[in-house]
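**Student:** First the structure, which I've put down as structure tokens, then a few questions once you've had a look.
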Amino acid sequence: MTGKEHGIGQESVALSLEELYQRYRKYSFAIAYRMLGTVTDAEDVVQDCFVELKKKPLNDLQNPKAYVAKMTMNRCLNLLNSARKQRETYVGQWLPEPLGESADLPADWLERKDMISYAFLVLLEQLKPMERAVFVLREAFQYDYKEIAELLGKTESNCRQLFSRSRRLLASEESAHADPVSSNIMSPSRIKVLERFTAAFLAYDVSAMLELLAEQPVFVADGGGNVHTVMRPMVVRKGVLALLTSRRVLTVLRERELVRTVINGEVQLVFLKEGTVREVLCISLAPDGEHIQDFYLMINPDKLGHIRV
């Protein structure tokens with residue numbers, strides 16, 4: 001996108017608060033969710049932004065879209081900086097909140113062009129708040145460096161450095177993940193891998209599971225201290241294999257109703273108990289599309305409220 005498409009540099013257009021909300025709420029949410037990784041916080045940021053706009057003389061807004069982006073980013077950066085202490089005391093591993101396509105959110109917030117794969121959302125957690133802000137604006141929304149500098153109160157040179165640093169930090173992982181998600185939401189190859197995994201998992205089939213795992217798979221679970229689960233990431237192939245085929249670990253998952261649904265724009269696995277979502281397993285495939293690279297198991301009930309099947 002160019003600056004013109006973003007609204008930067010355009011002449012003022014008098015819009016009512018309701019018109020601004022309808023036009024830019026999806027945009028604000030898309031930025032906030034990428035920045036924060038939680039649906040509830042992203043929703044709160046959107047609401048706070050438009051509550052503040054009530055206090056502004058709207059006729060004075062030269063670039064309403066850019067102003068919304070700046071407000072959204074400022075709130076996200078404040079939240080991320082304060083969240084550091086909270087995550088230091090978080091029990092176990094912290095994972096982003098998965099977002100279901102049928103979640104109870106305005107439909108236009110969930111257009112696939114605005115979705116971000118779960119695996120890529122996890123990758124963004126490696127970045128510091130300001131690095132993440134520059135990366136999101138540049139990579140996801142195609143802002144140029146001058147626009148980013150204006151939005152974040154930085155110099156163009158500083159923004160270029162932050163983006164380059166972010167790309168280097170993610171470089172070792174980025175080739176295995178894509179953002180936005182694949183345009184083929186019901187990819188036959190992905191469905192086949194999920195079917196093979198489900199069969200191997202339910203049958204404790206070591207050979208079949210071994211054939212599915214990438215060379216260096218990763219397994220991460222988030223129970224948030226609310227549910228007992230695997231506390232540390234498993235990063236060794238032998239260990240991941242043992243975990244997924246153990247008759248003593250993750251056994252409760254095999255007692256659930258297992259269904260496929262769309263989460264963050266990709267088909268993933270959901271575990272139900274009496275029709276209620278109790279666990280979500282998001283997987284990312286290796287570049288060959290035939291092996292599983294990452295397993296992200298969400299068990300924390302506080303992060304499952306926006307998954308519907």
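Please note that chains go A, B, ... in the order of the structure tokens, that every chain numbers its residues from 1, and that ligands are numbered from 1 in the order shown.
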If we count only C-alpha atoms, what is near Arg34 (chain A) at a cut-off of 9 Å, once residues fewer than 3 positions away on the same chain are taken out, given as a JSON list (two decimals) with N, CA, C and O atoms, in the first residue's frame?
**Tutor:**
[["chain", "number", "residue", "atom", "x", "y", "z"],
["A", 29, "PHE", "N", -8.45, -3.21, 14.90],
["A", 29, "PHE", "CA", -8.37, -4.54, 15.50],
["A", 29, "PHE", "C", -7.24, -5.37, 14.88],
["A", 29, "PHE", "O", -6.51, -6.07, 15.59],
["A", 30, "ALA", "N", -7.09, -5.29, 13.56],
["A", 30, "ALA", "CA", -6.05, -6.06, 12.88],
["A", 30, "ALA", "C", -4.67, -5.67, 13.39],
["A", 30, "ALA", "O", -3.80, -6.53, 13.58],
["A", 31, "ILE", "N", -4.45, -4.39, 13.62],
["A", 31, "ILE", "CA", -3.17, -3.92, 14.16],
["A", 31, "ILE", "C", -3.01, -4.42, 15.60],
["A", 31, "ILE", "O", -1.98, -4.98, 15.98],
["A", 37, "GLY", "N", -1.56, -10.13, 20.52],
["A", 37, "GLY", "CA", -1.74, -11.58, 20.54],
["A", 37, "GLY", "C", -2.89, -12.04, 21.41],
["A", 37, "GLY", "O", -3.02, -13.24, 21.68],
["A", 38, "THR", "N", -3.74, -11.13, 21.85],
["A", 38, "THR", "CA", -4.92, -11.51, 22.61],
["A", 38, "THR", "C", -6.14, -10.77, 22.06],
["A", 38, "THR", "O", -6.07, -9.58, 21.77],
["A", 42, "ALA", "N", -7.14, -6.69, 22.36],
["A", 42, "ALA", "CA", -7.28, -6.00, 21.08],
["A", 42, "ALA", "C", -8.64, -5.31, 20.99],
["A", 42, "ALA", "O", -8.74, -4.16, 20.52],
["A", 116, "ILE", "N", -3.97, -13.57, 10.42],
["A", 116, "ILE", "CA", -2.55, -13.86, 10.56],
["A", 116, "ILE", "C", -2.44, -15.28, 11.08],
["A", 116, "ILE", "O", -3.17, -15.67, 12.00],
["A", 121, "LEU", "N", 2.02, -15.51, 14.48],
["A", 121, "LEU", "CA", 1.72, -14.72, 15.67],
["A", 121, "LEU", "C", 2.66, -15.12, 16.81],
["A", 121, "LEU", "O", 3.13, -14.26, 17.57],
["A", 124, "LEU", "N", 6.08, -13.51, 16.33],
["A", 124, "LEU", "CA", 6.15, -12.09, 16.68],
["A", 124, "LEU", "C", 6.46, -11.87, 18.16],
["A", 124, "LEU", "O", 6.93, -10.79, 18.54],
["A", 132, "ARG", "N", 8.38, -4.85, 17.17],
["A", 132, "ARG", "CA", 7.14, -5.47, 16.70],
["A", 132, "ARG", "C", 6.26, -4.43, 16.00],
["A", 132, "ARG", "O", 5.64, -4.72, 14.97],
["A", 136, "VAL", "N", 5.22, -4.90, 12.19],
["A", 136, "VAL", "CA", 3.80, -5.05, 11.83],
["A", 136, "VAL", "C", 3.38, -3.99, 10.81],
["A", 136, "VAL", "O", 2.72, -4.29, 9.81],
["A", 140, "ALA", "N", 3.02, -6.17, 7.54],
["A", 140, "ALA", "CA", 1.62, -6.53, 7.40],
["A", 140, "ALA", "C", 0.79, -5.46, 6.70],
["A", 140, "ALA", "O", -0.17, -5.79, 6.00]]
**Student:** Could you check which of A:Gln216, A:Thr261, A:Gln93, A:Asn74 is closest to Val236 (chain A), using only C-alpha atoms?
**Tutor:**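 Residue with the minimum atom-to-atom distance to Val236 (chain A): A:Gln216.
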**Student:** Using only C-alpha atoms, which protein or nucleic acid residues come within 9 Å of Pro96 (chain A)? Drop anything in the same chain fewer than 4 positions from it, and give the result as a list of chain:residue names.
**Tutor:**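 Near neighbours after the sequence-gap exclusion: A:Leu36, A:Gly37, A:Thr38, A:Val39, A:Tyr118, A:Leu121, A:Val122, A:Glu125, A:Met298, A:Lys303.
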**Student:** To one decimal place in Å, what is the distance between CA of Leu77 (chain A) and CA of Leu152 (chain A)?
**Tutor:**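 We find that CA of Leu77 (chain A) and CA of Leu152 (chain A) lie 9.9 Å from each other.
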**Student:** DSSP says strand (DSSP E or B) for which residues of region 31-241 of chain A? Put them as a PDB file with C-alpha atoms, in the first residue's frame?
**Tutor:**
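File written: selection_31.pdb
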ATOM      1  CA  GLY A 100     -11.694 -18.719  15.476  1.00  0.00           C
ATOM      2  CA  LEU A 213       7.389 -35.069  12.229  1.00  0.00           C
ATOM      3  CA  ALA A 214       9.824 -32.570  10.734  1.00  0.00           C
ATOM      4  CA  GLU A 215      13.508 -32.919  11.547  1.00  0.00           C
ATOM      5  CA  GLN A 216      13.362 -30.444  14.420  1.00  0.00           C
ATOM      6  CA  PRO A 217       9.743 -30.219  15.610  1.00  0.00           C
ATOM      7  CA  VAL A 218       8.661 -28.023  18.518  1.00  0.00           C
ATOM      8  CA  PHE A 219       5.850 -28.680  20.990  1.00  0.00           C
ATOM      9  CA  VAL A 220       4.605 -25.870  23.254  1.00  0.00           C
ATOM     10  CA  ALA A 221       1.596 -25.943  25.590  1.00  0.00           C
ATOM     11  CA  ASP A 222      -0.124 -23.100  27.465  1.00  0.00           C
ATOM     12  CA  MET A 234       9.814 -29.785  23.780  1.00  0.00           C
TER      13      MET A 234
END
**Student:** Give me the residues of region 17-41 of chain A that have any atom at most 12 Å from an atom of region 60-65 of chain A; for each, the nearest atom pair and the distance in Å, rounded to one decimal. Use only C-alpha atoms, sort by chain and number, and format it as CSV.
**Tutor:**
residue,atom,partner,partner_atom,distance
A:Leu17,CA,A:Pro64,CA,10.6
A:Glu19,CA,A:Pro64,CA,10.9
A:Leu20,CA,A:Pro64,CA,7.7
A:Tyr21,CA,A:Lys65,CA,10.5
A:Gln22,CA,A:Lys65,CA,11.8
A:Arg23,CA,A:Lys65,CA,8.8
A:Tyr24,CA,A:Lys65,CA,6.8
A:Arg25,CA,A:Lys65,CA,10.0
A:Lys26,CA,A:Lys65,CA,11.3
A:Tyr27,CA,A:Lys65,CA,8.6
A:Ser28,CA,A:Lys65,CA,9.0
**Student:** Could you give me, as an MDAnalysis selection string, the residues within 8 Å of region 158-172 of chain A, counting only C-alpha atoms and dropping anything in the same chain fewer than 5 positions from it?
**Tutor:** chainID A and resid 123 126:127 130:132 134:135 138 145 148:149
**Student:** I'd like to know which of A:Lys70, A:Arg237, A:Arg256, A:Arg75 is closest to Asp44 (chain A), using only C-alpha atoms.
**Tutor:** A:Arg75
**Student:** Quick one: residues within 7 Å of Leu281 (chain A), only C-alpha atoms counted, chain neighbours fewer than 3 positions away excluded, as a ChimeraX atom specification?
**Tutor:** /A:268-270,295-298
**Student:** So how far away is CA of Val230 (chain A) from CA of Leu250 (chain A), in Å?
**Tutor:**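 About the pair CA of Leu250 (chain A) and CA of Val230 (chain A): they are 8.8 Å apart.
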**Student:** From a DSSP pass on the backbone, collect the residues of region 97-246 of chain A flagged as helix (DSSP H, G or I) and hand them back as a ChimeraX atom specification.
**Tutor:** /A:107-110,112-114,118-124,129-140,145-152,156-174,188-203,206-212,237-245
**Student:** CA of Glu52 (chain A) and CA of Met73 (chain A) are how many Å apart?
**Tutor:** 13.9 Å
**Student:** With distances taken over only C-alpha atoms, which residue among A:Leu212, A:Thr198, A:Ser82, A:Val277 lies nearest Asp302 (chain A)?
**Tutor:**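 For Asp302 (chain A), the nearest of the given residues is A:Val277.
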**Student:** From the set A:Asp205, A:Asp288, A:Glu279, A:Glu147, which residue has the shortest atom-to-atom contact distance to Glu97 (chain A), counting only C-alpha atoms?
**Tutor:**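 Nearest to Glu97 (chain A): A:Glu279.
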**Student:** Considering only C-alpha atoms, state which residue in the set A:Glu150, A:Met35, A:Asn59, A:Phe50 is at the smallest distance from Asn78 (chain A).
**Tutor:**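 Selected residue with least distance to Asn78 (chain A): A:Met35.
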**Student:** Out of A:Leu80, A:Val309, A:Val235, A:Val227, which residue has the shortest atom-to-atom distance to Val259 (chain A) when counting only C-alpha atoms?
**Tutor:** A:Val309
**Student:** Which neighbours of Thr72 (chain A) fall inside 8 Å, counting only C-alpha atoms, when residues of the same chain fewer than 4 positions from it are skipped, and could you give them as a list in words?
**Tutor:** Ser28, Ile31, Ala32, Val45, Val46, Cys49, Val68 and Cys76 of chain A
